[in-house]
file target24.cif (mmCIF, C-alpha atoms)
data_run
loop_
_atom_site.label_atom_id
_atom_site.label_comp_id
_atom_site.auth_asym_id
_atom_site.auth_seq_id
_atom_site.Cartn_x
_atom_site.Cartn_y
_atom_site.Cartn_z
CA MET A 1 -168.24 -47.76 -98.30
CA ASN A 2 -165.04 -48.32 -96.30
CA ILE A 3 -164.11 -51.56 -94.57
CA GLN A 4 -165.16 -50.42 -91.09
CA SER A 5 -168.63 -49.46 -92.32
CA ALA A 6 -168.98 -52.79 -94.15
CA ILE A 7 -167.95 -54.77 -91.06
CA SER A 8 -170.34 -52.78 -88.89
CA ARG A 9 -173.26 -53.39 -91.26
CA GLU A 10 -172.64 -57.13 -91.68
CA ILE A 11 -171.43 -58.20 -88.22
CA PHE A 12 -172.43 -55.73 -85.51
CA VAL A 13 -175.65 -53.99 -86.57
CA PRO A 14 -177.60 -57.30 -86.69
CA LYS A 15 -176.36 -58.02 -83.13
CA ASP A 16 -177.46 -54.57 -81.91
CA GLU A 17 -173.86 -53.53 -81.25
CA LYS A 18 -172.02 -50.30 -82.07
CA LEU A 19 -168.61 -50.65 -83.71
CA LEU A 20 -166.07 -48.26 -82.18
CA VAL A 21 -162.96 -49.10 -84.18
CA ALA A 22 -161.70 -51.81 -86.54
CA ILE A 23 -158.14 -52.33 -87.79
CA GLU A 24 -156.50 -54.90 -90.04
CA VAL A 25 -153.83 -57.00 -88.33
CA ARG A 26 -151.59 -60.00 -88.89
CA ARG A 27 -149.86 -62.30 -86.44
CA ARG A 28 -146.40 -61.33 -85.31
CA MET A 29 -145.46 -64.81 -84.09
CA LYS A 30 -146.58 -68.18 -85.37
CA ARG A 31 -148.40 -70.49 -82.97
CA LYS A 32 -146.45 -73.48 -81.77
CA GLY A 33 -147.70 -77.02 -82.22
CA LEU A 34 -149.56 -78.71 -85.07
CA SER A 35 -147.06 -77.26 -87.54
CA PHE A 36 -147.93 -79.95 -90.12
CA LEU A 37 -151.54 -78.72 -90.06
CA ASN A 38 -150.65 -75.04 -90.15
CA ALA A 39 -148.32 -75.59 -93.09
CA SER A 40 -151.20 -76.86 -95.24
CA ARG A 41 -153.41 -73.85 -94.50
CA LYS A 42 -153.46 -70.83 -96.76
CA ARG A 43 -152.60 -67.58 -95.00
CA ASP A 44 -154.05 -65.28 -97.64
CA TYR A 45 -157.14 -64.19 -95.67
CA SER A 46 -157.49 -60.80 -93.99
CA THR A 47 -157.90 -60.48 -90.22
CA PHE A 48 -159.53 -57.53 -88.44
CA LEU A 49 -159.68 -56.71 -84.74
CA CYS A 50 -162.88 -54.89 -83.82
CA LEU A 51 -163.93 -53.10 -80.65
CA SER A 52 -167.67 -52.76 -80.09
CA VAL A 53 -170.18 -51.94 -77.36
CA THR A 54 -173.69 -53.33 -76.95
CA ASN A 55 -176.64 -50.95 -77.18
CA SER A 56 -178.51 -52.84 -74.46
CA GLN A 57 -178.00 -52.03 -70.80
CA PRO A 58 -175.82 -52.77 -68.96
CA ALA A 59 -173.47 -52.10 -71.87
CA GLN A 60 -170.80 -54.69 -72.63
CA VAL A 61 -167.49 -53.87 -74.35
CA LEU A 62 -166.41 -56.64 -76.73
CA ILE A 63 -163.31 -57.44 -78.77
CA THR A 64 -164.08 -59.44 -81.91
CA LYS A 65 -161.81 -61.11 -84.44
CA VAL A 66 -163.25 -60.93 -87.96
CA LYS A 67 -161.88 -62.55 -91.11
CA ARG A 68 -162.45 -62.09 -94.83
CA TYR A 69 -161.34 -64.80 -97.24
CA PRO A 70 -160.17 -64.21 -100.83
CA GLY A 71 -162.78 -64.28 -103.55
CA THR A 72 -165.55 -62.93 -101.32
CA ARG A 73 -166.54 -59.56 -99.89
CA GLN A 74 -168.36 -61.02 -96.91
CA PHE A 75 -166.92 -60.98 -93.40
CA ALA A 76 -167.01 -63.84 -90.88
CA LYS A 77 -166.86 -63.51 -87.08
CA ARG A 78 -164.37 -65.96 -85.58
CA SER A 79 -163.73 -65.15 -81.91
CA GLN A 80 -165.09 -62.70 -79.36
CA TRP A 81 -164.06 -61.68 -75.84
CA SER A 82 -165.38 -59.23 -73.27
CA VAL A 83 -163.12 -56.69 -71.56
CA GLU A 84 -163.53 -58.65 -68.33
CA GLN A 85 -161.64 -61.49 -70.06
CA LEU A 86 -158.94 -59.07 -71.26
CA ARG A 87 -156.13 -59.21 -68.71
CA GLN A 88 -153.38 -57.18 -70.37
CA VAL A 89 -152.67 -54.89 -73.31
CA ASN A 90 -148.96 -54.68 -74.09
CA GLY A 91 -147.92 -51.74 -76.29
CA ILE A 92 -144.41 -53.24 -76.68
CA ASN A 93 -142.64 -49.85 -76.86
CA PRO A 94 -143.66 -46.93 -74.59
CA ASP A 95 -141.22 -44.49 -76.25
CA LYS A 96 -142.35 -44.39 -79.88
CA ASP A 97 -145.17 -45.33 -82.23
CA THR A 98 -144.88 -48.95 -83.38
CA PRO A 99 -147.42 -51.28 -85.06
CA GLU A 100 -146.80 -54.20 -82.67
CA PHE A 101 -148.99 -54.97 -79.65
CA ASP A 102 -150.12 -57.97 -77.57
CA LEU A 103 -153.49 -58.88 -76.12
CA VAL A 104 -153.61 -61.31 -73.18
CA PHE A 105 -156.95 -62.93 -72.30
CA ASP A 106 -157.91 -65.47 -69.64
CA ARG A 107 -157.06 -68.54 -71.69
CA THR A 108 -155.17 -67.24 -74.70
CA SER A 109 -152.84 -64.50 -75.90
CA ASP A 110 -152.15 -63.04 -79.33
CA GLN A 111 -149.20 -61.12 -80.75
CA TRP A 112 -150.34 -58.72 -83.47
CA VAL A 113 -148.91 -56.30 -86.01
CA ALA A 114 -151.27 -53.59 -87.23
CA GLY A 115 -151.25 -52.18 -90.75
CA SER A 116 -149.46 -49.10 -89.43
CA ALA A 117 -148.32 -47.59 -86.15
CA ALA A 118 -151.15 -45.04 -86.35
CA GLU A 119 -153.80 -47.78 -86.58
CA LYS A 120 -152.36 -49.58 -83.55
CA CYS A 121 -152.22 -46.34 -81.52
CA MET A 122 -155.81 -45.49 -82.44
CA PHE A 123 -157.00 -48.99 -81.45
CA VAL A 124 -155.16 -48.91 -78.10
CA GLN A 125 -156.41 -45.41 -77.34
CA VAL A 126 -160.06 -46.27 -78.04
CA LEU A 127 -159.70 -49.55 -76.13
CA TYR A 128 -158.21 -47.80 -73.08
CA HIS A 129 -160.99 -45.24 -72.81
CA ALA A 130 -163.66 -47.88 -73.50
CA CYS A 131 -162.27 -49.99 -70.62
CA GLN A 132 -162.14 -46.91 -68.40
CA ASN A 133 -165.77 -46.03 -69.09
CA TYR A 134 -166.86 -49.65 -68.64
CA TRP A 135 -165.22 -50.09 -65.23
CA GLU A 136 -166.45 -46.69 -64.03
CA ALA A 137 -170.01 -47.69 -64.89
CA LYS A 138 -169.62 -51.18 -63.37
CA LEU A 139 -167.91 -50.17 -60.13
CA GLY A 140 -169.72 -46.85 -59.75
CA LYS A 141 -166.52 -44.83 -59.27
CA PRO A 142 -163.69 -43.41 -61.37
CA SER A 143 -161.35 -46.14 -62.53
CA THR A 144 -158.03 -46.11 -64.31
CA PRO A 145 -157.12 -49.33 -66.17
CA GLY A 146 -153.53 -50.39 -65.74
CA GLU A 147 -152.91 -48.06 -62.79
CA GLN A 148 -149.37 -48.61 -61.49
CA LYS A 149 -148.65 -49.19 -57.81
CA ILE A 150 -146.71 -46.56 -55.82
CA PRO A 151 -143.82 -48.03 -53.74
CA GLY A 152 -144.56 -47.85 -50.01
CA ALA A 153 -148.22 -47.02 -50.47
CA PRO A 154 -150.74 -49.19 -48.61
CA GLU A 155 -152.42 -51.79 -50.76
CA ASN A 156 -156.18 -52.00 -50.97
CA LYS A 157 -157.23 -55.57 -50.46
CA LYS A 158 -159.77 -56.80 -52.97
CA SER A 159 -162.41 -59.36 -52.28
CA PRO A 160 -161.96 -62.72 -54.03
CA ASP A 161 -165.03 -62.04 -56.17
CA ALA A 162 -163.84 -58.57 -57.29
CA PRO A 163 -163.32 -58.37 -61.06
CA CYS A 164 -159.79 -57.91 -62.35
CA GLN A 165 -159.40 -54.84 -64.52
CA THR A 166 -157.34 -54.71 -67.71
CA ASN A 167 -153.71 -53.78 -67.24
CA PHE A 168 -152.10 -51.56 -69.89
CA VAL A 169 -148.31 -51.93 -70.00
CA ASN A 170 -145.64 -50.41 -72.26
CA CYS A 171 -148.22 -48.01 -73.71
CA GLN A 172 -147.46 -44.38 -74.47
CA GLN A 173 -148.86 -41.88 -72.00
CA LYS A 174 -150.32 -39.75 -74.79
CA LEU A 175 -152.77 -42.59 -75.49
CA MET A 176 -154.11 -42.45 -71.95
CA GLY A 177 -153.68 -38.78 -71.03
CA ASP A 178 -155.20 -35.48 -72.04
CA ALA A 179 -155.71 -34.21 -75.59
CA CYS A 180 -156.90 -37.64 -76.64
CA SER A 181 -159.23 -36.16 -79.26
CA VAL A 182 -156.34 -34.27 -80.87
CA ASN A 183 -154.26 -37.45 -80.94
CA MET A 184 -157.17 -39.24 -82.61
CA VAL A 185 -157.21 -36.61 -85.37
CA ILE A 186 -153.48 -37.06 -85.89
CA TYR A 187 -153.78 -40.86 -86.12
CA ARG A 188 -156.69 -40.67 -88.55
CA CYS A 189 -154.71 -38.28 -90.77
CA LYS A 190 -151.74 -40.63 -90.74
CA ILE A 191 -153.96 -43.61 -91.59
CA PHE A 192 -155.51 -41.63 -94.46
CA LEU A 193 -152.08 -40.67 -95.82
CA ASN A 194 -150.85 -44.26 -95.64
CA ARG A 195 -153.92 -45.60 -97.45
CA MET A 196 -153.67 -42.93 -100.16
CA LYS A 197 -150.02 -43.78 -100.68
CA ASN A 198 -150.83 -47.49 -101.03
CA SER A 199 -153.67 -46.69 -103.43
CA MET A 200 -151.41 -44.56 -105.64
CA THR A 201 -148.77 -47.29 -105.72
CA ALA A 202 -151.36 -49.93 -106.66
CA ASN A 203 -152.81 -47.74 -109.44
CA GLN A 204 -149.38 -47.07 -110.90
CA GLY A 205 -148.56 -50.78 -110.89
CA ARG A 206 -151.86 -51.64 -112.55
CA LEU A 207 -151.31 -49.04 -115.30
CA GLN A 208 -147.82 -50.37 -115.97
CA ARG A 209 -149.15 -53.94 -116.22
CA GLU A 210 -151.89 -52.87 -118.64
CA ALA A 211 -149.39 -51.00 -120.82
CA ALA A 212 -147.03 -53.98 -120.84
CA ALA A 213 -149.88 -56.32 -121.79
CA ALA A 214 -150.95 -54.03 -124.65
CA VAL A 215 -147.38 -53.84 -126.00
CA LYS A 216 -147.01 -57.61 -125.78
CA ALA A 217 -150.31 -58.14 -127.60
CA SER A 218 -149.36 -55.72 -130.35
CA ARG A 219 -146.01 -57.44 -130.86
CA SER A 220 -147.60 -60.88 -131.07
CA ARG A 221 -150.14 -59.63 -133.59
CA SER A 222 -147.52 -57.87 -135.73
CA ARG A 223 -145.59 -61.12 -136.13
CA SER A 224 -148.53 -62.79 -137.87
CA SER A 225 -149.50 -62.02 -141.48
CA PRO A 226 -153.27 -61.51 -141.56
CA SER A 227 -155.37 -60.70 -144.59
CA PRO A 228 -155.97 -57.00 -145.48
CA ARG A 229 -159.50 -57.06 -144.04
CA ALA A 230 -158.38 -58.75 -140.86
CA GLY A 231 -155.47 -56.32 -140.70
CA ARG A 232 -157.86 -53.34 -140.81
CA LYS A 233 -159.99 -54.83 -138.06
CA MET A 234 -156.91 -55.50 -135.98
CA GLY A 235 -155.70 -51.97 -136.58
CA ASN A 236 -159.04 -50.52 -135.46
CA ALA A 237 -159.01 -52.70 -132.35
CA MET A 238 -155.45 -51.60 -131.58
CA ARG A 239 -156.38 -47.93 -131.95
CA ARG A 240 -159.40 -48.33 -129.67
CA ALA A 241 -157.30 -50.15 -127.08
CA SER A 242 -154.63 -47.47 -127.29
CA GLN A 243 -157.26 -44.73 -126.89
CA VAL A 244 -158.83 -46.44 -123.87
CA LEU A 245 -155.42 -46.92 -122.28
CA SER A 246 -154.55 -43.28 -122.94
CA GLU A 247 -157.82 -42.11 -121.36
CA ARG A 248 -157.20 -44.30 -118.32
CA GLY A 249 -153.72 -42.83 -118.00
CA GLU A 250 -155.10 -39.28 -118.14
CA ARG A 251 -157.76 -40.05 -115.51
CA LEU A 252 -155.15 -41.65 -113.30
CA MET A 253 -152.88 -38.62 -113.65
CA ARG A 254 -155.73 -36.29 -112.68
CA ALA A 255 -156.58 -38.54 -109.73
CA GLU A 256 -152.94 -38.53 -108.63
CA GLU A 257 -152.85 -34.73 -108.82
CA LYS A 258 -155.97 -34.48 -106.66
CA THR A 259 -154.55 -37.08 -104.31
CA GLY A 260 -151.35 -35.07 -104.06
CA HIS A 261 -153.32 -31.98 -103.04
CA PHE A 262 -155.27 -33.99 -100.44
CA PHE A 263 -152.03 -35.56 -99.23
CA HIS A 264 -150.37 -32.16 -98.78
CA GLY A 265 -153.40 -30.67 -97.03
CA ALA A 266 -153.80 -33.64 -94.69
CA LYS A 267 -150.09 -33.57 -93.86
CA GLN A 268 -150.27 -29.87 -92.96
CA PHE A 269 -153.37 -30.53 -90.85
CA ALA A 270 -151.67 -33.40 -89.02
CA GLU A 271 -148.60 -31.27 -88.29
CA ALA A 272 -150.77 -28.43 -86.97
CA ALA A 273 -152.78 -30.86 -84.81
CA GLN A 274 -149.58 -32.38 -83.44
CA LYS A 275 -148.23 -28.94 -82.49
CA LEU A 276 -151.51 -28.17 -80.75
CA ALA A 277 -151.32 -31.48 -78.85
CA LEU A 278 -147.77 -30.71 -77.68
CA LYS A 279 -148.90 -27.33 -76.38
CA GLN A 280 -151.72 -28.92 -74.36
CA ILE A 281 -149.53 -31.56 -72.72
#

call {"tool": "encode", "arguments": {"input": "target24.cif", "output": "structure tokens"}}
result
Amino acid sequence: MNIQSAISREIFVPKDEKLLVAIEVRRRMKRKGLSFLNASRKRDYSTFLCLSVTNSQPAQVLITKVKRYPGTRQFAKRSQWSVEQLRQVNGINPDKDTPEFDLVFDRTSDQWVAGSAAEKCMFVQVLYHACQNYWEAKLGKPSTPGEQKIPGAPENKKSPDAPCQTNFVNCQQKLMGDACSVNMVIYRCKIFLNRMKNSMTANQGRLQREAAAAVKASRSRSRSSPSPRAGRKMGNAMRRASQVLSERGERLMRAEEKTGHFFHGAKQFAEAAQKLALKQI
């Protein structure tokens, strides 16, 4: 079970909500004030931004901050906002894919960095279309979040009680234009490739640590002078450990070969999807 499925099962299914997307993030800028308190806190927890919609009518679109602390697999909901409280989504750079983005709410704002540029683009794209569908259903007419004003055009006066829609600034047009489904495929392929790369790197590091620990243990044992019986037992234990380590290495090599094939196939698929998206624009 992946992280998004686990978060959905623990946090959103009991609340009768449907999870649309969840990404891991970290703060780009430290909060000012109370620095002596922040310095004593441990920053080793994981933070996830989740976008969900309620199953009850009228449907509400919610942004939820979820955390998971070390030593536990459980998730904890920390903060939640509705899209009516979301004033602005800042994509930071409208010219290229970057992992940075800002969310501005009524009484707070956060500066985030996603795990990758693809994860941030996927989150912004899903959020944009969720806001668009929400305001269309609420106002009863087509609505475009973050619609820019045309110079010289007459302004439509809004009533004081009219809700303020979310404004999307510095976001790439491909996230809000046509071929959005193709872009989603491209981003999911990129996220998959990035996670596979991180997994391969972690497995290689773990194998190297295990090999180094086995060599260190064998050296420490060879320095001692055990009895013949103890020496035979130690030799048998060393052979079993060496065999287990060798089998793990073989399994890891086979897994890396399969991962390489998946990596190559996913890369070709992403390139083909990107060419198709460029043709449709």

call {"tool": "atom_distance", "arguments": {"input": "target24.cif", "atom1": "CA of Asp102 in chain A", "atom2": "CA of Leu20 in chain A"}}
result
19.2 Å

call {"tool": "residues_around", "arguments": {"input": "target24.cif", "residues": "Thr166 in chain A", "least_positions_apart": "3", "cutoff": "9 Å", "atoms": "all atoms listed in the file", "output": "NGL selection string"}}
result
:A and (83-89 or 128 or 131 or 145-146)

call {"tool": "closest_residue", "arguments": {"input": "target24.cif", "among": "A:Val25, A:Cys164, A:Leu175, A:Val124", "to": "Asp106 in chain A", "atoms": "only C-alpha atoms"}}
result
A:Cys164

call {"tool": "resolve_selection", "arguments": {"input": "target24.cif", "expression": "the PyMOL selection byres ((chain A and resi 65) around 12)", "output": "NGL selection string"}}
result
:A and (7 or 11-12 or 22-26 or 46-52 or 62-64 or 66-68 or 75-82 or 103 or 110 or 112)

call {"tool": "atom_distance", "arguments": {"input": "target24.cif", "atom1": "CA of Pro70 in chain A", "atom2": "CA of Ala118 in chain A"}}
result
25.7 Å

call {"tool": "residues_around", "arguments": {"input": "target24.cif", "residues": "Gln125 in chain A", "least_positions_apart": "3", "cutoff": "8 Å", "atoms": "only C-alpha atoms", "output": "number ranges by chain"}}
result
A: 121-122, 128-129, 175-176, 180

call {"tool": "closest_residue", "arguments": {"input": "target24.cif", "among": "A:Ser5, A:Asn93, A:Asn55, A:Gln111", "to": "Asn170 in chain A", "atoms": "only C-alpha atoms"}}
result
A:Asn93

call {"tool": "closest_residue", "arguments": {"input": "target24.cif", "among": "A:Leu19, A:Glu247, A:Val61, A:Leu252", "to": "Ala130 in chain A", "atoms": "only C-alpha atoms"}}
result
A:Val61

call {"tool": "atom_distance", "arguments": {"input": "target24.cif", "atom1": "CA of Val53 in chain A", "atom2": "CA of Lys96 in chain A"}}
result
28.9 Å
